[in-house]
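Quick look at coords_17.cif (mmCIF, C-alpha atoms):
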data_work
#
loop_
_atom_site.group_PDB
_atom_site.id
_atom_site.type_symbol
_atom_site.label_atom_id
_atom_site.label_comp_id
_atom_site.auth_asym_id
_atom_site.auth_seq_id
_atom_site.Cartn_x
_atom_site.Cartn_y
_atom_site.Cartn_z
ATOM 1 C CA MET A 847 108.121 -52.114 -42.045
ATOM 2 C CA ILE A 848 106.576 -49.158 -43.908
ATOM 3 C CA PHE A 849 103.122 -50.016 -42.622
ATOM 4 C CA THR A 850 104.284 -50.690 -39.058
ATOM 5 C CA LEU A 851 106.694 -47.771 -38.597
ATOM 6 C CA ASP A 852 105.369 -45.030 -40.879
ATOM 7 C CA PHE A 853 101.633 -45.637 -41.327
ATOM 8 C CA PRO A 854 100.350 -47.708 -38.368
ATOM 9 C CA MET A 855 96.897 -46.077 -38.580
ATOM 10 C CA ARG A 856 96.466 -46.644 -42.328
ATOM 11 C CA ASP A 857 95.080 -49.603 -44.232
ATOM 12 C CA THR A 858 97.720 -52.059 -45.481
ATOM 13 C CA LEU A 859 98.933 -51.786 -49.069
ATOM 14 C CA VAL A 860 98.558 -55.208 -50.701
ATOM 15 C CA PHE A 861 100.439 -56.393 -53.815
ATOM 16 C CA GLN A 862 98.884 -59.245 -55.777
ATOM 17 C CA ASP A 863 99.799 -61.293 -58.826
ATOM 18 C CA THR A 864 96.824 -60.496 -61.066
ATOM 19 C CA GLY A 865 98.163 -61.572 -64.457
ATOM 20 C CA ASN A 866 96.497 -64.981 -64.287
ATOM 21 C CA LYS A 867 93.142 -63.731 -63.010
ATOM 22 C CA ASN A 868 90.137 -64.382 -65.226
ATOM 23 C CA LYS A 869 88.617 -60.957 -64.595
ATOM 24 C CA SER A 870 90.106 -57.612 -65.603
ATOM 25 C CA PRO A 871 89.888 -54.698 -63.143
ATOM 26 C CA PRO A 872 86.441 -53.060 -63.488
ATOM 27 C CA GLY A 873 85.426 -49.413 -63.382
ATOM 28 C CA HIS A 874 87.698 -47.900 -66.051
ATOM 29 C CA VAL A 875 86.366 -44.838 -67.867
ATOM 30 C CA THR A 876 87.418 -46.344 -71.245
ATOM 31 C CA ASP A 877 86.121 -49.858 -70.415
ATOM 32 C CA THR A 878 89.558 -51.259 -71.185
ATOM 33 C CA MET A 879 90.128 -54.985 -70.670
ATOM 34 C CA CYS A 880 93.793 -54.337 -69.822
ATOM 35 C CA LYS A 881 94.976 -56.615 -66.998
ATOM 36 C CA PRO A 882 98.226 -55.817 -65.140
ATOM 37 C CA ASP A 883 100.464 -58.667 -63.980
ATOM 38 C CA ILE A 884 101.115 -56.924 -60.658
ATOM 39 C CA THR A 885 98.515 -54.784 -58.899
ATOM 40 C CA ALA A 886 98.829 -52.866 -55.643
ATOM 41 C CA ALA A 887 95.868 -51.444 -53.715
ATOM 42 C CA PHE A 888 94.870 -50.963 -50.104
ATOM 43 C CA ARG A 889 93.428 -54.049 -48.456
ATOM 44 C CA GLY A 890 89.946 -52.605 -47.997
ATOM 45 C CA HIS A 891 89.584 -51.982 -51.729
ATOM 46 C CA TRP A 892 90.183 -55.598 -52.779
ATOM 47 C CA LYS A 893 86.991 -57.572 -53.372
ATOM 48 C CA LYS A 894 87.510 -61.287 -54.143
ATOM 49 C CA ASP A 895 91.060 -60.594 -55.419
ATOM 50 C CA VAL A 896 89.821 -57.838 -57.764
ATOM 51 C CA VAL A 897 90.183 -54.092 -57.299
ATOM 52 C CA PRO A 898 88.525 -51.409 -59.482
ATOM 53 C CA TRP A 899 90.831 -49.205 -61.558
ATOM 54 C CA PRO A 900 90.165 -45.952 -59.621
ATOM 55 C CA PHE A 901 91.597 -47.578 -56.463
ATOM 56 C CA ILE A 902 94.684 -49.138 -58.058
ATOM 57 C CA GLN A 903 97.850 -47.600 -56.617
ATOM 58 C CA LEU A 904 100.379 -49.405 -58.853
ATOM 59 C CA ALA A 905 100.196 -51.466 -62.042
ATOM 60 C CA GLY A 906 103.196 -53.517 -63.121
ATOM 61 C CA GLU A 907 104.514 -56.202 -65.455
ATOM 62 C CA THR A 908 106.377 -59.426 -64.683
ATOM 63 C CA ALA A 909 109.165 -60.330 -67.110
ATOM 64 C CA SER A 910 108.526 -63.647 -68.861
ATOM 65 C CA THR A 911 110.339 -65.771 -71.429
ATOM 66 C CA GLY A 912 107.325 -65.647 -73.751
ATOM 67 C CA LYS A 913 107.742 -61.936 -74.517
ATOM 68 C CA SER A 914 110.614 -59.859 -75.855
ATOM 69 C CA HIS A 915 112.042 -57.023 -73.769
ATOM 70 C CA ASP A 916 110.411 -54.439 -76.057
ATOM 71 C CA GLU A 917 107.017 -56.160 -75.762
ATOM 72 C CA GLN A 918 107.300 -56.215 -71.980
ATOM 73 C CA LYS A 919 108.305 -52.554 -71.928
ATOM 74 C CA ILE A 920 105.347 -51.516 -74.087
ATOM 75 C CA GLN A 921 102.985 -53.556 -71.925
ATOM 76 C CA ALA A 922 104.299 -51.993 -68.705
ATOM 77 C CA ILE A 923 103.965 -48.492 -70.166
ATOM 78 C CA SER A 924 100.391 -49.221 -71.288
ATOM 79 C CA TYR A 925 99.476 -49.964 -67.671
ATOM 80 C CA LEU A 926 100.635 -46.473 -66.671
ATOM 81 C CA HIS A 927 98.703 -45.008 -69.609
ATOM 82 C CA TYR A 928 95.471 -46.605 -68.378
ATOM 83 C CA LEU A 929 96.203 -45.893 -64.720
ATOM 84 C CA LEU A 930 96.560 -42.147 -65.395
ATOM 85 C CA LEU A 931 93.279 -42.220 -67.320
ATOM 86 C CA ALA A 932 91.575 -43.999 -64.418
ATOM 87 C CA ARG A 933 93.015 -41.695 -61.745
ATOM 88 C CA PRO A 934 92.221 -38.014 -62.411
ATOM 89 C CA ASP A 935 93.376 -37.392 -58.840
ATOM 90 C CA LEU A 936 97.013 -38.318 -59.647
ATOM 91 C CA TYR A 937 99.749 -36.345 -61.370
ATOM 92 C CA VAL A 938 102.047 -39.369 -61.369
ATOM 93 C CA ALA A 939 101.205 -43.072 -61.745
ATOM 94 C CA GLN A 940 103.700 -45.630 -60.467
ATOM 95 C CA GLY A 941 104.545 -48.948 -62.081
ATOM 96 C CA LEU A 942 107.343 -51.449 -62.447
ATOM 97 C CA LEU A 943 108.758 -54.249 -64.574
ATOM 98 C CA SER A 944 110.046 -57.040 -62.371
ATOM 99 C CA SER A 945 112.492 -59.767 -63.381
ATOM 100 C CA ASP A 946 114.632 -62.288 -61.476
ATOM 101 C CA ASN A 947 117.719 -60.085 -61.325
ATOM 102 C CA LYS A 948 116.402 -56.505 -61.417
ATOM 103 C CA VAL A 949 113.408 -54.184 -61.122
ATOM 104 C CA ILE A 950 112.658 -51.295 -63.477
ATOM 105 C CA PHE A 951 110.825 -48.571 -61.545
ATOM 106 C CA ARG A 952 108.569 -46.446 -63.763
ATOM 107 C CA PHE A 953 106.757 -43.154 -63.261
ATOM 108 C CA GLY A 954 104.031 -42.072 -65.688
ATOM 109 C CA ILE A 955 103.991 -38.281 -65.385
ATOM 110 C CA CYS A 956 100.909 -36.529 -66.756
ATOM 111 C CA SER A 957 101.607 -34.319 -69.777
ATOM 112 C CA GLU A 958 105.304 -35.253 -69.602
ATOM 113 C CA GLY A 959 105.776 -38.959 -70.358
ATOM 114 C CA ILE A 960 107.608 -41.852 -68.732
ATOM 115 C CA GLN A 961 110.630 -41.681 -66.438
ATOM 116 C CA GLU A 962 112.319 -44.884 -65.314
ATOM 117 C CA PHE A 963 115.385 -46.335 -63.672
ATOM 118 C CA ASP A 964 116.441 -49.944 -63.184
ATOM 119 C CA VAL A 965 118.126 -51.406 -60.132
ATOM 120 C CA LYS A 966 119.652 -54.853 -59.737
ATOM 121 C CA ARG A 967 118.288 -56.804 -56.831
ATOM 122 C CA LYS A 968 121.827 -57.342 -55.506
ATOM 123 C CA ASP A 969 122.527 -53.603 -55.455
ATOM 124 C CA ARG A 970 123.310 -52.458 -51.923
ATOM 125 C CA ASP A 971 120.724 -49.650 -52.182
ATOM 126 C CA PHE A 972 117.948 -51.773 -53.684
ATOM 127 C CA ASN A 973 115.977 -52.097 -50.432
ATOM 128 C CA LYS A 974 116.254 -48.356 -49.746
ATOM 129 C CA LEU A 975 114.955 -47.491 -53.217
ATOM 130 C CA LEU A 976 112.133 -50.006 -52.913
ATOM 131 C CA TYR A 977 111.224 -48.527 -49.524
ATOM 132 C CA ALA A 978 111.073 -44.996 -50.955
ATOM 133 C CA PHE A 979 109.073 -46.196 -53.957
ATOM 134 C CA ILE A 980 106.434 -47.916 -51.815
ATOM 135 C CA TYR A 981 106.382 -45.025 -49.333
ATOM 136 C CA ARG A 982 105.142 -42.798 -52.182
ATOM 137 C CA LEU A 983 102.206 -45.151 -52.714
ATOM 138 C CA TYR A 984 101.128 -44.584 -49.123
ATOM 139 C CA GLU A 985 101.890 -40.868 -49.139
ATOM 140 C CA PRO A 986 101.903 -39.531 -52.736
ATOM 141 C CA GLY A 987 102.687 -35.930 -51.790
ATOM 142 C CA ASN A 988 102.973 -33.849 -54.966
ATOM 143 C CA PHE A 989 102.331 -36.984 -57.045
ATOM 144 C CA ALA A 990 98.619 -36.317 -56.297
ATOM 145 C CA ASP A 991 96.249 -33.424 -56.997
ATOM 146 C CA SER A 992 95.255 -32.106 -53.574
ATOM 147 C CA SER A 993 91.985 -30.652 -54.921
ATOM 148 C CA TYR A 994 90.614 -34.228 -55.108
ATOM 149 C CA ILE A 995 89.781 -34.638 -51.433
ATOM 150 C CA LYS A 996 87.702 -37.842 -51.391
ATOM 151 C CA THR A 997 87.053 -40.931 -53.509
ATOM 152 C CA GLU A 998 84.229 -43.386 -52.884
ATOM 153 C CA PHE A 999 82.319 -46.012 -54.828
ATOM 154 C CA ASP A 1000 78.770 -45.997 -56.101
ATOM 155 C CA GLU A 1001 77.187 -49.141 -57.580
ATOM 156 C CA GLU A 1002 80.309 -51.202 -56.831
ATOM 157 C CA THR A 1003 82.647 -49.936 -59.582
ATOM 158 C CA THR A 1004 81.820 -46.284 -60.309
ATOM 159 C CA ALA A 1005 84.195 -43.915 -58.529
ATOM 160 C CA ARG A 1006 82.613 -40.747 -57.140
ATOM 161 C CA TYR A 1007 84.935 -37.846 -56.382
ATOM 162 C CA THR A 1008 84.637 -34.865 -54.081
ATOM 163 C CA ILE A 1009 86.617 -32.014 -55.646
ATOM 164 C CA LYS A 1010 87.574 -28.719 -54.048
ATOM 165 C CA ILE A 1011 87.171 -25.664 -56.282
ATOM 166 C CA ILE A 1012 87.744 -21.958 -55.764
ATOM 167 C CA TYR A 1013 84.420 -20.267 -56.541
ATOM 168 C CA ARG A 1014 83.576 -17.244 -54.377
ATOM 169 C CA GLY A 1015 85.593 -18.967 -51.693
ATOM 170 C CA THR A 1016 86.239 -22.688 -51.344
ATOM 171 C CA LYS A 1017 83.468 -25.072 -52.429
ATOM 172 C CA GLU A 1018 83.240 -28.868 -52.429
ATOM 173 C CA CYS A 1019 81.803 -30.504 -55.554
ATOM 174 C CA ARG A 1020 80.488 -33.904 -54.469
ATOM 175 C CA GLY A 1021 79.455 -36.977 -56.421
ATOM 176 C CA PHE A 1022 81.353 -36.331 -59.672
ATOM 177 C CA TYR A 1023 82.281 -39.362 -61.807
ATOM 178 C CA SER A 1024 84.475 -39.728 -64.894
ATOM 179 C CA ILE A 1025 82.728 -39.796 -68.260
ATOM 180 C CA TYR A 1026 85.712 -39.141 -70.532
ATOM 181 C CA ALA A 1027 89.525 -39.321 -70.413
ATOM 182 C CA ARG A 1028 92.272 -39.265 -73.028
ATOM 183 C CA ASN A 1029 95.858 -38.365 -73.916
ATOM 184 C CA PRO A 1030 97.474 -38.794 -70.451
ATOM 185 C CA PHE A 1031 100.958 -37.808 -71.647
ATOM 186 C CA GLY A 1032 99.804 -34.756 -73.633
ATOM 187 C CA THR A 1033 96.875 -32.488 -72.811
ATOM 188 C CA ARG A 1034 95.592 -35.111 -70.354
ATOM 189 C CA THR A 1035 91.885 -34.352 -70.490
ATOM 190 C CA HIS A 1036 89.400 -35.593 -67.888
ATOM 191 C CA VAL A 1037 85.678 -34.801 -67.923
ATOM 192 C CA LEU A 1038 83.616 -35.511 -64.819
ATOM 193 C CA SER A 1039 79.878 -35.183 -64.347
ATOM 194 C CA ASN A 1040 77.205 -34.849 -61.700
ATOM 195 C CA PRO A 1041 73.925 -33.923 -63.470
ATOM 196 C CA ASN A 1042 72.285 -32.815 -60.217
ATOM 197 C CA PHE A 1043 74.978 -30.589 -58.741
ATOM 198 C CA GLU A 1044 74.538 -26.867 -58.101
ATOM 199 C CA VAL A 1045 76.782 -24.217 -56.597
ATOM 200 C CA GLU A 1046 75.087 -21.178 -55.056
ATOM 201 C CA GLY A 1047 71.913 -21.876 -57.026
ATOM 202 C CA ASN A 1048 73.668 -22.251 -60.394
ATOM 203 C CA ASP A 1049 73.977 -25.524 -62.297
ATOM 204 C CA LEU A 1050 77.504 -26.953 -62.275
ATOM 205 C CA THR A 1051 77.104 -30.359 -63.859
ATOM 206 C CA ILE A 1052 80.436 -30.807 -65.664
ATOM 207 C CA LEU A 1053 84.032 -30.357 -64.556
ATOM 208 C CA LYS A 1054 86.690 -30.506 -67.258
ATOM 209 C CA ASP A 1055 90.364 -30.792 -66.332
ATOM 210 C CA GLN A 1056 92.892 -30.244 -69.114
ATOM 211 C CA PHE A 1057 96.620 -29.549 -69.108
ATOM 212 C CA CYS A 1058 97.378 -26.668 -71.462
ATOM 213 C CA ARG A 1059 100.656 -25.020 -72.330
ATOM 214 C CA VAL A 1060 101.429 -21.963 -70.248
ATOM 215 C CA LYS A 1061 100.515 -18.638 -71.910
ATOM 216 C CA ARG A 1062 98.647 -20.229 -74.781
ATOM 217 C CA ARG A 1063 96.708 -17.777 -76.946
ATOM 218 C CA PHE A 1064 93.110 -18.905 -76.411
ATOM 219 C CA GLU A 1065 91.248 -20.019 -73.289
ATOM 220 C CA GLU A 1066 87.845 -21.697 -73.386
ATOM 221 C CA LEU A 1067 86.506 -19.707 -70.448
ATOM 222 C CA THR A 1068 87.321 -16.396 -72.139
ATOM 223 C CA ILE A 1069 85.901 -17.554 -75.474
ATOM 224 C CA LEU A 1070 82.607 -18.707 -73.948
ATOM 225 C CA ASN A 1071 82.050 -15.772 -71.598
ATOM 226 C CA GLU A 1072 83.535 -12.854 -73.515
ATOM 227 C CA TYR A 1073 82.884 -13.756 -77.150
ATOM 228 C CA VAL A 1074 79.999 -16.238 -77.292
ATOM 229 C CA HIS A 1075 77.566 -15.344 -74.503
ATOM 230 C CA LYS A 1076 78.166 -11.603 -74.338
ATOM 231 C CA PRO A 1077 76.032 -9.511 -74.346
ATOM 232 C CA GLU A 1078 73.362 -12.279 -74.526
ATOM 233 C CA ARG A 1079 73.483 -16.029 -74.166
ATOM 234 C CA VAL A 1080 73.581 -17.964 -77.435
ATOM 235 C CA PRO A 1081 71.118 -20.890 -77.557
ATOM 236 C CA GLY A 1082 72.675 -24.301 -78.021
ATOM 237 C CA MET A 1083 76.115 -23.276 -76.728
ATOM 238 C CA VAL A 1084 77.316 -24.554 -73.361
ATOM 239 C CA VAL A 1085 77.564 -22.042 -70.501
ATOM 240 C CA ALA A 1086 80.771 -21.797 -68.466
ATOM 241 C CA ALA A 1087 79.896 -21.532 -64.776
ATOM 242 C CA TYR A 1088 83.456 -21.023 -63.529
ATOM 243 C CA GLY A 1089 87.105 -21.406 -64.460
ATOM 244 C CA GLU A 1090 90.317 -21.945 -62.543
ATOM 245 C CA GLN A 1091 94.002 -22.563 -63.277
ATOM 246 C CA ILE A 1092 96.005 -24.960 -61.117
ATOM 247 C CA ARG A 1093 99.779 -25.018 -61.477
ATOM 248 C CA SER A 1094 101.209 -28.504 -61.596
ATOM 249 C CA PRO A 1095 104.009 -29.066 -59.072
ATOM 250 C CA LEU A 1096 105.832 -31.233 -61.606
ATOM 251 C CA SER A 1097 105.657 -29.205 -64.828
ATOM 252 C CA GLU A 1098 106.691 -25.700 -65.775
ATOM 253 C CA GLU A 1099 105.443 -26.060 -69.349
ATOM 254 C CA ARG A 1100 101.788 -26.874 -68.649
ATOM 255 C CA CYS A 1101 99.074 -25.713 -66.289
ATOM 256 C CA LYS A 1102 95.829 -27.484 -65.381
ATOM 257 C CA HIS A 1103 92.794 -25.560 -66.627
ATOM 258 C CA ARG A 1104 89.620 -26.533 -64.781
ATOM 259 C CA LEU A 1105 86.377 -25.479 -66.435
ATOM 260 C CA GLY A 1106 82.968 -25.786 -64.812
ATOM 261 C CA LEU A 1107 80.009 -26.062 -67.194
ATOM 262 C CA GLY A 1108 76.315 -25.622 -66.564
ATOM 263 C CA GLU A 1109 74.975 -28.222 -68.985
ATOM 264 C CA SER A 1110 75.767 -31.787 -69.968
ATOM 265 C CA GLY A 1111 74.841 -33.675 -73.118
ATOM 266 C CA SER A 1112 74.661 -37.121 -74.671
ATOM 267 C CA PRO A 1113 77.342 -38.776 -76.856
ATOM 268 C CA PHE A 1114 77.029 -38.023 -80.564
ATOM 269 C CA MET A 1115 76.940 -41.758 -81.339
ATOM 270 C CA SER A 1116 73.787 -42.134 -79.230
ATOM 271 C CA ILE A 1117 71.699 -40.238 -81.831
ATOM 272 C CA PRO A 1118 69.176 -42.878 -82.998
ATOM 273 C CA THR A 1119 68.431 -41.950 -86.654
ATOM 274 C CA LEU A 1120 70.223 -40.498 -89.668
ATOM 275 C CA SER A 1121 67.736 -37.628 -89.958
ATOM 276 C CA LYS A 1122 68.379 -36.693 -86.322
ATOM 277 C CA VAL A 1123 72.148 -36.863 -86.974
ATOM 278 C CA LEU A 1124 71.800 -34.369 -89.841
ATOM 279 C CA GLU A 1125 69.541 -32.133 -87.768
ATOM 280 C CA THR A 1126 72.056 -32.145 -84.901
ATOM 281 C CA LEU A 1127 74.984 -31.377 -87.221
ATOM 282 C CA PHE A 1128 73.032 -28.472 -88.712
ATOM 283 C CA ASP A 1129 72.362 -27.102 -85.203
ATOM 284 C CA VAL A 1130 76.060 -27.406 -84.303
ATOM 285 C CA LEU A 1131 77.163 -25.595 -87.455
ATOM 286 C CA GLU A 1132 74.560 -22.891 -86.962
ATOM 287 C CA GLY A 1133 75.757 -22.378 -83.385
ATOM 288 C CA ILE A 1134 79.414 -22.137 -84.477
#

As structure tokens, the full file:
Amino acid sequence: MIFTLDFPMRDTLVFQDTGNKNKSPPGHVTDTMCKPDITAAFRGHWKKDVVPWPFIQLAGETASTGKSHDEQKIQAISYLHYLLLARPDLYVAQGLLSSDNKVIFRFGICSEGIQEFDVKRKDRDFNKLLYAFIYRLYEPGNFADSSYIKTEFDEETTARYTIKIIYRGTKECRGFYSIYARNPFGTRTHVLSNPNFEVEGNDLTILKDQFCRVKRRFEELTILNEYVHKPERVPGMVVAAYGEQIRSPLSEERCKHRLGLGESGSPFMSIPTLSKVLETLFDVLEGI
């Protein structure tokens, strides 16, 4: 009914039982092997009954006699944890815990935590609540960050985002992919990269999204531009190309700080030798 009446021009949202599948969803920034029991995604994103994490719309758990209620609850919450890490374009990830007599609807809210409510299947309003819940998967509204304007795949499982930024007007940053994500219910940090991207002739290879408390004392953009690279640039210290604050529609305590950086680097653990590790640490300390 939702597809036919409300979204006749959209792809169909498909729910599948994925708990017994041999393969975990690919394409997660943390390489997790987590495998939801229930997965919802649009039909065009399913490939041989598997959908990559960045295109998952809902991740849920099916109640079973082999697990305690607390174990099932923790498992269902972990799906929302990983879904928020996989979806930098969402403020809220939706999930559920389904049993024979009721459904627990869950919302993983970035930087806030989990909100949930349970409804018995025999409740007279159950179908209405289910309708509203699924409607939000088709049309997330303020559950999504509107600055993420396009998602596409490169090399089958790597999600590439087009992100709108405010930099001397509105600019579109194309081809950015996630390289780091953590702490979805706290500072909720995402780092995205496109090593070849420029804006108005300046390198803009890294975008860092982080939810910080409103009116905190220090801001990275100010530190880098006003204290580190002024009056001259300091070698070995990253350059901030731009900064922006985006108010979350769902939180009054935190604000998204988006930082654009001109350089990208390699993971510390990729340093091949102990002598190079010590040399790198010395350079870091000297720069600080």

Residues picked by the PyMOL selection byres ((chain A and resi 909) around 8) here, as a ChimeraX atom specification? /A:907-908,910-911,913,915,918,943-945

Selection result for the PyMOL selection byres ((chain A and resi 1096) around 9) on this file, as a PyMOL selection string: chain A and resi 937-938+955-956+958+988-989+1093-1095+1097-1098

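The coordinates place atom CA of A:Gly906 at 28.0 Å from atom CA of A:Phe1022.
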
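For A:Phe999, the list of residues within 10 Å, based on all atoms listed in the file and with local chain neighbours fewer than 3 positions off taken out, reads Gly873, His891, Pro898, Pro900, Phe901, Glu1002, Thr1003, Thr1004, Ala1005, Arg1006, Tyr1007, Gly1021 and Tyr1023 of chain A.
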
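Shortest separation to A:Lys894 among A:Ile1009, A:Arg1034, A:Pro871, A:Ala939 occurs at residue A:Pro871, atoms counted being all atoms listed in the file.
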
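Using the PyMOL selection byres ((chain A and resi 948) around 6) on this structure selects Ser945, Asn947, Val949, Val965, Lys966 and Arg967 of chain A.
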
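Candidate residues A:Gln862, A:Gln1091, A:Thr1035, A:Gln940 were compared for distance to A:Lys1061, and the nearest is A:Gln1091, using only C-alpha atoms.
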
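Note that the spacing between atom CA of A:Glu1018 and atom CA of A:Val1085 amounts to 20.1 Å.
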
Nearest to A:Phe1114, chosen from A:Gly941, A:Leu1067, A:Leu859, A:Val1130, with all atoms listed in the file counted in the distances: A:Val1130

Have a look at atom CA of A:Leu926 and atom CA of A:Ile1025 and let me know their distance in Å, one decimal. 19.2 Å

All residues 10 Å or closer to stretch 1073-1084 of chain A, all atoms listed in the file, same chain fewer than 3 positions away omitted, as a JSON list (two decimals) with C-alpha atoms, keeping the file's coordinate frame:
[["chain", "number", "residue", "atom", "x", "y", "z"],
["A", 1067, "LEU", "CA", 86.51, -19.71, -70.45],
["A", 1068, "THR", "CA", 87.32, -16.40, -72.14],
["A", 1069, "ILE", "CA", 85.90, -17.55, -75.47],
["A", 1070, "LEU", "CA", 82.61, -18.71, -73.95],
["A", 1087, "ALA", "CA", 79.90, -21.53, -64.78],
["A", 1107, "LEU", "CA", 80.01, -26.06, -67.19],
["A", 1108, "GLY", "CA", 76.32, -25.62, -66.56],
["A", 1109, "GLU", "CA", 74.97, -28.22, -68.98],
["A", 1110, "SER", "CA", 75.77, -31.79, -69.97],
["A", 1111, "GLY", "CA", 74.84, -33.67, -73.12],
["A", 1129, "ASP", "CA", 72.36, -27.10, -85.20],
["A", 1130, "VAL", "CA", 76.06, -27.41, -84.30],
["A", 1132, "GLU", "CA", 74.56, -22.89, -86.96],
["A", 1133, "GLY", "CA", 75.76, -22.38, -83.38],
["A", 1134, "ILE", "CA", 79.41, -22.14, -84.48]]

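Minimum atom-to-atom distances from A:Met847, A:Arg1104, A:Lys869, A:Asp883 to A:Lys974 were compared using only C-alpha atoms, and the lowest value belongs to A:Met847.
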
Let me make sure I understand: among A:Pro1118, A:Pro872, A:Gly959, A:Gly1106, which one has the smallest atom-to-atom distance to A:Cys1019 if we use all atoms listed in the file? A:Gly1106

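Closest approach to A:Lys881 from the set A:Tyr1026, A:Tyr928, A:Glu917, A:Val860 is made by A:Tyr928, with distances taken over only C-alpha atoms.
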
Spatial neighbours of A:Arg856, 12 Å, all atoms listed in the file, chain gap at least 3 places, as a ChimeraX atom specification: /A:848-853,859,888-890,983-985
